[in-house]
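Coordinates as given in upload12.txt (compact mmCIF, C-alpha atoms and all ligand atoms):
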# COMPACT_ATOMS: atom_id res chain seq x y z
CA MET A 1 0.00 0.00 0.00
CA SER A 2 1.26 3.43 -0.81
CA ILE A 3 0.29 6.97 -1.66
CA LEU A 4 0.34 8.53 -5.11
CA VAL A 5 0.44 12.31 -5.46
CA TYR A 6 -0.26 13.84 -8.86
CA ILE A 7 1.93 16.87 -9.54
CA GLU A 8 0.55 19.50 -11.89
CA ASN A 9 2.63 21.64 -14.20
CA VAL A 10 1.93 24.69 -16.32
CA GLU A 11 3.98 24.78 -19.50
CA GLY A 12 6.54 22.47 -17.89
CA ALA A 13 6.87 24.30 -14.57
CA LEU A 14 5.52 22.67 -11.42
CA LYS A 15 2.78 24.76 -9.80
CA LYS A 16 2.95 26.20 -6.29
CA SER A 17 -0.10 24.12 -5.32
CA THR A 18 1.90 21.05 -6.35
CA PHE A 19 4.47 21.74 -3.62
CA GLU A 20 1.61 21.96 -1.12
CA SER A 21 0.20 18.62 -2.37
CA LEU A 22 3.65 17.03 -2.09
CA SER A 23 4.06 18.23 1.50
CA TYR A 24 0.53 17.05 2.29
CA ALA A 25 1.25 13.62 0.77
CA LYS A 26 4.48 13.36 2.76
CA ALA A 27 2.57 14.28 5.96
CA VAL A 28 -0.14 11.68 5.21
CA ALA A 29 2.58 9.09 4.50
CA ASP A 30 4.16 9.89 7.87
CA LEU A 31 0.77 9.34 9.53
CA THR A 32 0.11 5.99 7.82
CA GLY A 33 3.68 4.69 7.69
CA GLU A 34 3.47 4.35 3.90
CA THR A 35 5.64 5.87 1.18
CA ALA A 36 4.46 8.60 -1.15
CA THR A 37 5.35 8.65 -4.85
CA ALA A 38 4.79 11.57 -7.21
CA LEU A 39 3.29 11.26 -10.70
CA SER A 40 4.02 13.82 -13.39
CA ILE A 41 2.14 13.83 -16.70
CA GLY A 42 3.28 15.96 -19.62
CA ARG A 43 6.56 17.56 -20.69
CA VAL A 44 8.44 18.58 -17.56
CA SER A 45 12.23 18.98 -17.37
CA GLN A 46 14.30 16.75 -15.10
CA ASP A 47 15.34 19.84 -13.12
CA GLU A 48 11.71 20.60 -12.36
CA LEU A 49 10.99 16.97 -11.44
CA ASN A 50 13.99 16.97 -9.10
CA LYS A 51 12.28 19.73 -7.09
CA VAL A 52 9.95 17.04 -5.77
CA GLY A 53 12.82 15.90 -3.52
CA GLN A 54 12.78 19.23 -1.71
CA TYR A 55 9.44 18.23 -0.20
CA GLY A 56 10.48 14.81 1.07
CA ILE A 57 9.26 12.63 -1.84
CA GLU A 58 11.91 10.23 -3.11
CA LYS A 59 10.40 8.94 -6.34
CA VAL A 60 8.71 10.47 -9.36
CA ILE A 61 6.90 8.48 -12.02
CA GLU A 62 7.20 10.42 -15.25
CA VAL A 63 4.67 10.04 -18.06
CA ASP A 64 5.85 12.00 -21.05
CA ASN A 65 3.81 10.89 -24.02
CA ASN A 66 3.04 12.96 -27.13
CA ASP A 67 -0.70 12.36 -26.73
CA LEU A 68 -0.56 13.77 -23.21
CA GLU A 69 1.44 16.89 -23.90
CA LYS A 70 -1.67 19.01 -23.27
CA PHE A 71 -4.09 18.46 -20.40
CA VAL A 72 -7.06 16.24 -21.25
CA ASN A 73 -9.26 15.33 -18.31
CA GLN A 74 -10.29 11.81 -19.35
CA ALA A 75 -6.81 10.76 -20.44
CA TYR A 76 -5.01 12.18 -17.40
CA ALA A 77 -7.58 10.56 -15.07
CA SER A 78 -7.02 7.18 -16.78
CA VAL A 79 -3.25 7.48 -16.41
CA ILE A 80 -3.46 8.47 -12.74
CA ALA A 81 -5.82 5.56 -12.00
CA ASP A 82 -3.65 3.09 -13.98
CA VAL A 83 -0.47 4.15 -12.20
CA ALA A 84 -2.25 3.96 -8.83
CA LYS A 85 -3.42 0.42 -9.66
CA SER A 86 -0.03 -0.69 -10.97
CA MET A 87 1.78 0.41 -7.81
CA GLY A 88 -0.99 -0.71 -5.44
CA ALA A 89 -1.62 2.82 -4.20
CA THR A 90 -4.63 3.08 -1.91
CA THR A 91 -4.53 6.87 -1.56
CA VAL A 92 -4.33 9.36 -4.42
CA ILE A 93 -3.69 13.00 -3.57
CA LEU A 94 -4.05 15.91 -5.95
CA SER A 95 -4.73 19.63 -5.80
CA ASN A 96 -8.33 20.87 -5.86
CA SER A 97 -7.31 23.21 -8.67
CA PHE A 98 -9.30 23.81 -11.88
CA SER A 99 -7.89 20.63 -13.41
CA GLY A 100 -7.86 18.75 -10.09
CA LYS A 101 -11.59 19.39 -9.68
CA GLY A 102 -12.18 17.55 -12.94
CA LEU A 103 -9.68 14.79 -12.25
CA ALA A 104 -10.49 13.85 -8.65
CA PRO A 105 -14.02 12.43 -9.18
CA ARG A 106 -12.96 10.64 -12.37
CA VAL A 107 -9.98 9.00 -10.65
CA ALA A 108 -12.17 8.08 -7.65
CA ALA A 109 -14.76 6.46 -9.95
CA LYS A 110 -12.09 4.50 -11.84
CA LEU A 111 -10.56 3.22 -8.59
CA GLY A 112 -13.87 2.67 -6.75
CA ALA A 113 -12.45 5.02 -4.12
CA ALA A 114 -14.04 7.37 -1.59
CA LEU A 115 -13.54 11.02 -2.55
CA ALA A 116 -12.77 14.00 -0.31
CA ASP A 117 -12.59 17.05 -2.52
CA GLY A 118 -11.67 20.48 -1.18
CA ALA A 119 -9.82 19.05 1.85
CA ILE A 120 -8.31 21.71 4.10
CA ALA A 121 -6.45 19.63 6.71
CA LEU A 122 -4.72 16.34 7.31
CA PRO A 123 -7.03 13.37 7.89
CA THR A 124 -7.75 11.93 11.30
CA ILE A 125 -7.06 8.24 10.75
CA SER A 126 -8.79 5.42 12.55
CA GLY A 127 -8.01 2.19 10.67
CA VAL A 128 -9.71 2.22 7.30
CA THR A 129 -11.92 5.18 8.34
CA TRP A 130 -10.49 8.62 7.66
CA GLN A 131 -12.10 11.90 8.67
CA ILE A 132 -11.27 14.94 6.58
CA GLN A 133 -12.36 18.54 6.95
CA LYS A 134 -13.55 20.72 4.07
CA THR A 135 -15.24 24.09 3.86
CA VAL A 136 -18.90 24.19 2.82
CA PHE A 137 -21.64 26.79 2.17
CA SER A 138 -19.21 29.26 0.56
CA ASN A 139 -16.71 28.90 3.44
CA LYS A 140 -19.30 29.68 6.11
CA ALA A 141 -18.90 26.29 7.79
CA ILE A 142 -16.49 23.38 8.02
CA ALA A 143 -17.80 19.88 7.38
CA THR A 144 -16.08 16.69 8.45
CA GLU A 145 -16.36 13.92 5.89
CA GLU A 146 -15.84 10.31 6.80
CA LEU A 147 -14.26 8.03 4.19
CA HIS A 148 -14.89 4.32 4.69
CA GLU A 149 -13.49 2.79 1.50
CA GLN A 150 -10.02 1.25 1.56
CA LYS A 151 -9.12 3.40 -1.46
CA LYS A 152 -9.26 7.16 -1.11
CA VAL A 153 -8.84 10.19 -3.34
CA ILE A 154 -8.12 13.51 -1.63
CA ALA A 155 -8.15 16.83 -3.49
CA LEU A 156 -6.41 19.47 -1.38
CA THR A 157 -7.62 23.09 -1.47
CA PRO A 158 -4.76 25.35 -2.66
CA ASN A 159 -3.25 27.55 0.10
CA SER A 160 -4.74 25.41 2.87
CA PHE A 161 -1.61 23.37 3.68
CA GLU A 162 1.81 24.94 3.81
CA ALA A 163 4.57 23.49 1.60
CA LYS A 164 7.35 22.32 3.91
CA GLU A 165 10.89 21.65 2.75
CA ALA A 166 12.44 18.30 3.77
CA ALA A 167 15.09 17.61 1.11
CA VAL A 168 15.77 14.03 -0.07
CA ALA A 169 17.35 12.57 -3.23
CA VAL A 170 14.93 11.77 -6.05
CA THR A 171 14.76 8.93 -8.55
CA ILE A 172 12.75 9.44 -11.72
CA GLU A 173 11.13 6.44 -13.37
CA LYS A 174 9.44 6.50 -16.78
CA TYR A 175 5.99 4.97 -17.27
CA GLU A 176 4.41 4.19 -20.64
CA PRO A 177 0.62 4.50 -20.36
CA GLN A 178 -1.84 2.29 -22.25
CA LEU A 179 -4.43 4.75 -23.52
CA ALA A 180 -7.81 3.67 -24.88
CA PRO A 181 -9.26 5.56 -27.91
CA ASN A 182 -11.98 6.93 -25.58
CA ASP A 183 -9.35 8.60 -23.40
CA LEU A 184 -8.26 10.69 -26.34
CA SER A 185 -11.66 11.58 -27.78
CA THR A 186 -11.00 15.22 -26.82
CA VAL A 187 -8.08 16.77 -28.67
CA ILE A 188 -6.65 20.05 -27.42
CA LYS A 189 -5.20 21.74 -30.48
CA GLU A 190 -4.04 24.99 -29.01
CA ILE A 191 -4.02 26.80 -25.69
CA VAL A 192 -3.91 30.57 -25.94
CA ARG A 193 -3.10 32.47 -22.79
CA ALA A 194 -5.60 35.29 -22.29
CA THR A 195 -3.04 37.27 -20.33
CA ASP A 196 0.46 36.96 -18.95
CA LYS A 197 -0.71 38.17 -15.55
CA VAL A 198 -0.70 36.03 -12.39
CA SER A 199 -3.57 33.54 -12.62
CA LEU A 200 -6.37 34.44 -10.18
CA PRO A 201 -7.24 30.91 -8.94
CA GLU A 202 -3.56 30.17 -8.25
CA ALA A 203 -2.50 33.53 -6.81
CA SER A 204 -1.26 33.76 -3.25
CA ILE A 205 -1.94 37.52 -3.23
CA VAL A 206 -5.07 39.06 -4.78
CA VAL A 207 -5.67 42.78 -5.20
CA SER A 208 -9.38 43.30 -5.73
CA ALA A 209 -11.43 46.43 -6.34
CA GLY A 210 -15.09 47.40 -6.49
CA ARG A 211 -17.45 50.12 -7.51
CA GLY A 212 -15.64 52.54 -5.18
CA LEU A 213 -13.08 52.90 -7.96
CA LYS A 214 -15.72 54.87 -9.97
CA GLY A 215 -14.74 53.65 -13.44
CA PRO A 216 -12.44 51.44 -15.53
CA GLU A 217 -10.08 54.36 -16.18
CA ASN A 218 -8.98 54.15 -12.53
CA TRP A 219 -7.76 50.54 -12.64
CA ALA A 220 -4.16 51.44 -13.55
CA MET A 221 -3.32 51.94 -9.87
CA ILE A 222 -4.90 48.58 -8.97
CA GLU A 223 -2.81 46.86 -11.64
CA GLU A 224 0.31 48.69 -10.50
CA LEU A 225 -0.26 47.61 -6.89
CA ALA A 226 -0.81 44.02 -8.07
CA ASP A 227 2.35 44.22 -10.17
CA VAL A 228 4.49 45.41 -7.27
CA LEU A 229 3.14 42.60 -5.07
CA GLY A 230 3.25 39.86 -7.73
CA ALA A 231 -0.50 39.55 -7.23
CA ALA A 232 -3.53 38.72 -9.39
CA THR A 233 -6.31 41.27 -9.86
CA ALA A 234 -9.96 40.64 -9.07
CA CYS A 235 -13.19 42.66 -8.80
CA SER A 236 -16.73 42.68 -7.46
CA LYS A 237 -19.66 41.56 -9.62
CA PRO A 238 -21.10 45.00 -10.51
CA VAL A 239 -17.67 45.97 -11.79
CA SER A 240 -17.53 43.07 -14.26
CA ASP A 241 -21.26 43.44 -15.05
CA ALA A 242 -20.56 47.04 -16.05
CA GLY A 243 -17.75 45.86 -18.31
CA TRP A 244 -15.07 47.73 -16.34
CA ARG A 245 -13.19 44.44 -15.89
CA PRO A 246 -13.38 40.99 -17.53
CA HIS A 247 -15.84 38.48 -16.05
CA ALA A 248 -12.95 36.10 -15.33
CA GLU A 249 -11.94 38.51 -12.52
CA HIS A 250 -15.28 38.53 -10.72
CA VAL A 251 -15.07 36.81 -7.33
CA GLY A 252 -17.89 35.81 -5.01
CA GLN A 253 -20.93 33.59 -4.84
CA THR A 254 -21.57 33.78 -8.58
CA GLY A 255 -17.93 34.24 -9.53
CA LEU A 256 -14.66 32.57 -8.61
CA ALA A 257 -14.03 31.39 -5.06
CA VAL A 258 -10.46 32.22 -4.06
CA SER A 259 -8.40 31.43 -0.97
CA PRO A 260 -5.17 33.43 -1.27
CA ASN A 261 -2.79 34.13 1.60
CA LEU A 262 -3.58 37.83 1.24
CA TYR A 263 -6.74 39.44 -0.19
CA ILE A 264 -6.71 43.24 -0.48
CA ALA A 265 -10.23 44.64 -1.04
CA ILE A 266 -10.32 48.23 -2.27
CA GLY A 267 -13.60 50.18 -2.55
CA ILE A 268 -15.69 47.02 -2.09
CA SER A 269 -18.59 47.12 0.37
CA GLY A 270 -18.32 43.49 1.51
CA ALA A 271 -21.80 42.29 0.56
CA ILE A 272 -22.49 38.72 1.66
CA GLN A 273 -22.39 37.49 -1.95
CA HIS A 274 -18.89 38.92 -2.39
CA LEU A 275 -17.65 37.54 0.94
CA ALA A 276 -18.88 34.06 -0.08
CA GLY A 277 -16.02 33.81 -2.55
CA VAL A 278 -13.21 35.42 -0.58
CA SER A 279 -13.72 34.76 3.13
CA ALA A 280 -11.42 31.71 3.04
CA SER A 281 -8.49 34.07 2.37
CA LYS A 282 -5.87 33.78 5.11
CA THR A 283 -5.44 37.53 5.67
CA ILE A 284 -7.93 40.17 4.49
CA VAL A 285 -6.99 43.85 4.18
CA VAL A 286 -9.84 46.28 3.49
CA ILE A 287 -9.49 49.82 2.19
CA ASN A 288 -12.79 51.71 2.25
CA LYS A 289 -13.76 55.30 2.93
CA ASP A 290 -16.88 54.23 4.86
CA PRO A 291 -15.92 53.05 8.38
CA GLU A 292 -19.29 51.21 8.52
CA ALA A 293 -18.60 49.14 5.37
CA PRO A 294 -19.53 45.50 6.19
CA PHE A 295 -16.16 44.29 4.84
CA PHE A 296 -14.43 45.67 7.95
CA LYS A 297 -16.23 43.02 10.05
CA VAL A 298 -14.23 40.22 8.39
CA ALA A 299 -11.01 42.20 7.84
CA ASP A 300 -7.77 41.35 9.60
CA TYR A 301 -6.50 44.86 8.85
CA GLY A 302 -8.52 47.85 7.72
CA ILE A 303 -7.68 51.29 6.39
CA VAL A 304 -10.52 53.84 6.49
CA GLY A 305 -9.83 56.34 3.77
CA ASP A 306 -10.02 57.30 0.13
CA ALA A 307 -8.57 54.63 -2.16
CA PHE A 308 -7.30 57.34 -4.51
CA GLU A 309 -5.06 58.65 -1.74
CA ILE A 310 -4.12 55.36 -0.07
CA VAL A 311 -3.34 53.07 -3.00
CA PRO A 312 -0.68 55.36 -4.58
CA GLN A 313 0.99 55.66 -1.18
CA LEU A 314 0.96 51.89 -0.74
CA ILE A 315 2.52 51.44 -4.20
CA GLU A 316 5.33 53.88 -3.32
CA ALA A 317 5.88 52.23 0.06
CA PHE A 318 6.08 48.70 -1.45
CA LYS A 319 8.42 49.91 -4.20
CA ALA A 320 10.70 51.56 -1.63
CA TYR A 321 10.62 48.38 0.49
CA LYS A 322 11.53 46.22 -2.52
CA ASN A 323 14.37 48.51 -3.55
CA ASN A 324 16.01 48.32 -0.13
C1 LIG A 401 -27.78 36.53 -6.42
C2 LIG A 401 -26.67 37.52 -6.28
C3 LIG A 401 -25.36 37.08 -6.49
C4 LIG A 401 -24.31 37.98 -6.36
N1 LIG A 401 -23.02 37.53 -6.56
C5 LIG A 401 -22.01 38.39 -6.34
C6 LIG A 401 -20.65 37.96 -6.45
O1 LIG A 401 -20.37 36.80 -6.78
N2 LIG A 401 -19.67 38.85 -6.23
C7 LIG A 401 -19.92 40.16 -5.87
O2 LIG A 401 -18.95 40.92 -5.68
N3 LIG A 401 -21.17 40.59 -5.77
C8 LIG A 401 -22.22 39.75 -5.99
N4 LIG A 401 -23.49 40.21 -5.90
C9 LIG A 401 -23.69 41.67 -5.69
C10 LIG A 401 -23.51 42.08 -4.24
O3 LIG A 401 -24.73 41.91 -3.55
C11 LIG A 401 -23.10 43.56 -4.14
O4 LIG A 401 -24.03 44.34 -4.83
C12 LIG A 401 -21.71 43.83 -4.73
O5 LIG A 401 -20.75 42.94 -4.17
C13 LIG A 401 -21.32 45.27 -4.44
O6 LIG A 401 -20.17 45.58 -5.15
P1 LIG A 401 -19.22 46.74 -4.63
O7 LIG A 401 -18.90 46.51 -3.22
O8 LIG A 401 -18.10 46.84 -5.62
O9 LIG A 401 -20.10 48.05 -4.85
P2 LIG A 401 -20.88 48.95 -3.80
O10 LIG A 401 -21.85 48.17 -3.01
O11 LIG A 401 -21.39 50.10 -4.59
O12 LIG A 401 -19.77 49.44 -2.78
C14 LIG A 401 -18.73 50.31 -3.11
C15 LIG A 401 -17.89 50.51 -1.86
O13 LIG A 401 -16.81 51.37 -2.19
C16 LIG A 401 -16.64 52.30 -1.13
N5 LIG A 401 -16.02 53.49 -1.73
C17 LIG A 401 -16.58 54.41 -2.55
N6 LIG A 401 -15.67 55.32 -2.94
C18 LIG A 401 -14.51 54.98 -2.33
C19 LIG A 401 -13.21 55.53 -2.32
N7 LIG A 401 -12.92 56.62 -3.05
N8 LIG A 401 -12.26 54.92 -1.59
C20 LIG A 401 -12.53 53.82 -0.84
N9 LIG A 401 -13.75 53.26 -0.82
C21 LIG A 401 -14.72 53.83 -1.55
C22 LIG A 401 -18.03 52.55 -0.58
O14 LIG A 401 -17.96 53.02 0.77
C23 LIG A 401 -18.64 51.16 -0.69
O15 LIG A 401 -18.41 50.40 0.48
C24 LIG A 401 -24.56 39.33 -6.02
C25 LIG A 401 -25.87 39.75 -5.80
C26 LIG A 401 -26.91 38.85 -5.92
C27 LIG A 401 -28.30 39.33 -5.67
Take the structure in the file and give it back as structure tokens.
Amino acid sequence: MSILVYIENVEGALKKSTFESLSYAKAVADLTGETATALSIGRVSQDELNKVGQYGIEKVIEVDNNDLEKFVNQAYASVIADVAKSMGATTVILSNSFSGKGLAPRVAAKLGAALADGAIALPTISGVTWQIQKTVFSNKAIATEELHEQKKVIALTPNSFEAKEAAVAVTIEKYEPQLAPNDLSTVIKEIVRATDKVSLPEASIVVSAGRGLKGPENWAMIEELADVLGAATACSKPVSDAGWRPHAEHVGQTGLAVSPNLYIAIGISGAIQHLAGVSASKTIVVINKDPEAPFFKVADYGIVGDAFEIVPQLIEAFKAYKNN
């Protein structure tokens, strides 16, 4: 019995959430006394794969097949399940990322495994029964799920488990998958990046702004602040509805749910529907000129004041800090 952790890459570079999944897999392996092995699918350099060792995982199974160069849900799920079967893995761990959300249930179905998606903590293990916490109702509550199957698939929420370094030497082993025609019924011909900015679902810092910004012409300072911090930009729903910002940036109940380490909300009231998508953020900083704005109730830090005065000062302060 062992643990298999699927490691995601973007254009050949391992993702930050992958390092969290690796650390989580290592921690689960320490709890169960098993070994954890990483699985990489796609074209990833040996240098990147060697990074797995920094998080305490000694072996990587590498699947580098022309048909799998680009992410295809069905095919990747088949490969993960096949590798898990071939090595007798009873636990599969992956990130609850965009692609992980599609993969986890497919892998669980193929393995006949219990699924805990959106896990936020290590399991409490009692023999074959594992209890795992996840957030529910737009992060308003935490549910504890009990998994009774011998086989388990856990999809870990990004930013919920810290990547911990524990360097070991790595061996990389190639694996040639047997793909069925069905696995490749979807063909990805081209992936065009909409932007070269930090991706919002993956970002560990998000700079978000609302109707308090008055109009799209005022977003340059939001982008500059995000740039200085290496952050992604986001917005409230009325802002994207008005066409000031793209819909892909709208966070909340009807938009993206994000859980960055730092969420900076500028000129956003903090309506319940907005909070539904951002309240899982580790630290929330609110900038609003109305001291009664509801957002202050969930803020870790708040600045009462005019965004047009505060944001430029913050940009200068961060630039000065970075230059020293
Ligand atoms: C079914 C449903 C689903 C919804 N889903 C979502 C969702 O997913 N995401 C979402 O965001 N909303 C959602 N909404 C809308 C939500 O209810 C709020 O209307 C919206 O979040 C308000 O956006 P806002 O805070 O940007 O604007 P406003 O409510 O207009 O607030 C603007 C804020 O900016 C402050 N401000 C103004 N000028 C300045 C300044 N110069 N400096 C600093 N602060 C300033 C004001 O004090 C105010 O607090 C949903 C609504 C419904 C009914």
Given all atoms listed in the file, how would the per-residue table for chain A near ligand LIG 401 (chain A) read, listing every residue at most 7 Å away with its closest atom pair and distance in Å to one decimal, sorted by chain and number, as a tab-separated table?
residue	atom	partner	partner_atom	distance
A:Ala209	CA	A:LIG401	O8	6.7
A:Gly210	CA	A:LIG401	O8	3.2
A:Arg211	CA	A:LIG401	O8	3.8
A:Gly212	CA	A:LIG401	C17	3.4
A:Leu213	CA	A:LIG401	N6	6.1
A:Cys235	CA	A:LIG401	O2	6.8
A:Ser236	CA	A:LIG401	O2	3.3
A:Lys237	CA	A:LIG401	C7	4.0
A:Pro238	CA	A:LIG401	O6	5.5
A:Val239	CA	A:LIG401	O8	6.2
A:His250	CA	A:LIG401	N2	6.3
A:Val251	CA	A:LIG401	N2	5.2
A:Gly252	CA	A:LIG401	O1	3.2
A:Gln253	CA	A:LIG401	O1	3.8
A:Thr254	CA	A:LIG401	O1	3.7
A:Gly255	CA	A:LIG401	O1	4.5
A:Ile266	CA	A:LIG401	C20	6.2
A:Gly267	CA	A:LIG401	O13	3.4
A:Ile268	CA	A:LIG401	O7	3.4
A:Ser269	CA	A:LIG401	O15	3.3
A:Gly270	CA	A:LIG401	O7	5.6
A:Ala271	CA	A:LIG401	O5	4.9
A:Ile272	CA	A:LIG401	O3	6.5
A:Gln273	CA	A:LIG401	C5	4.5
A:His274	CA	A:LIG401	C7	3.8
A:Gly277	CA	A:LIG401	O1	6.8
A:Ile287	CA	A:LIG401	C20	5.9
A:Asn288	CA	A:LIG401	N9	3.6
A:Lys289	CA	A:LIG401	C20	4.2
A:Asp290	CA	A:LIG401	O14	4.4
A:Ala293	CA	A:LIG401	O15	5.1
A:Gly305	CA	A:LIG401	C20	5.9
A:Asp306	CA	A:LIG401	N8	3.7
A:Ala307	CA	A:LIG401	N8	3.7
A:Phe308	CA	A:LIG401	N7	5.9
Please build the interface table for region 5-69 of chain A against region 120-123 of chain A with a cut-off of 8 Å, listing for each qualifying residue the nearest atom pair and the distance in Å to one decimal; count only C-alpha atoms, order rows by chain and increasing number, and write it as a tab-separated table.
residue	atom	partner	partner_atom	distance
A:Tyr24	CA	A:Leu122	CA	7.3
A:Ala27	CA	A:Leu122	CA	7.7
A:Val28	CA	A:Leu122	CA	6.9
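Of the listed residues (A:Trp244, A:Tyr263, A:Tyr321, A:Tyr6), A:Tyr263 comes nearest to Val207 (chain A); the distances count only C-alpha atoms.
By chain and then residue number, the residues within 8 Å of Lys134 (chain A) are Asp117, Gly118, Ala119, Ile120, Ala121, Ile142, Ala143, Thr144 and Glu145 of chain A, counting only C-alpha atoms and disregarding those fewer than 4 positions away in sequence.
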Grab the CA of Val128 (chain A) to CA of Thr37 (chain A) distance for me, in Å with one decimal place. 20.4 Å
Looking at A:Asp300, A:Glu309, A:Glu165, A:Glu173, which one is nearest to Phe19 (chain A), with distances taken over only C-alpha atoms? A:Glu165
Interatomic distance, CA of Asn73 (chain A) to CA of Leu111 (chain A) (Å, one decimal): 15.6 Å
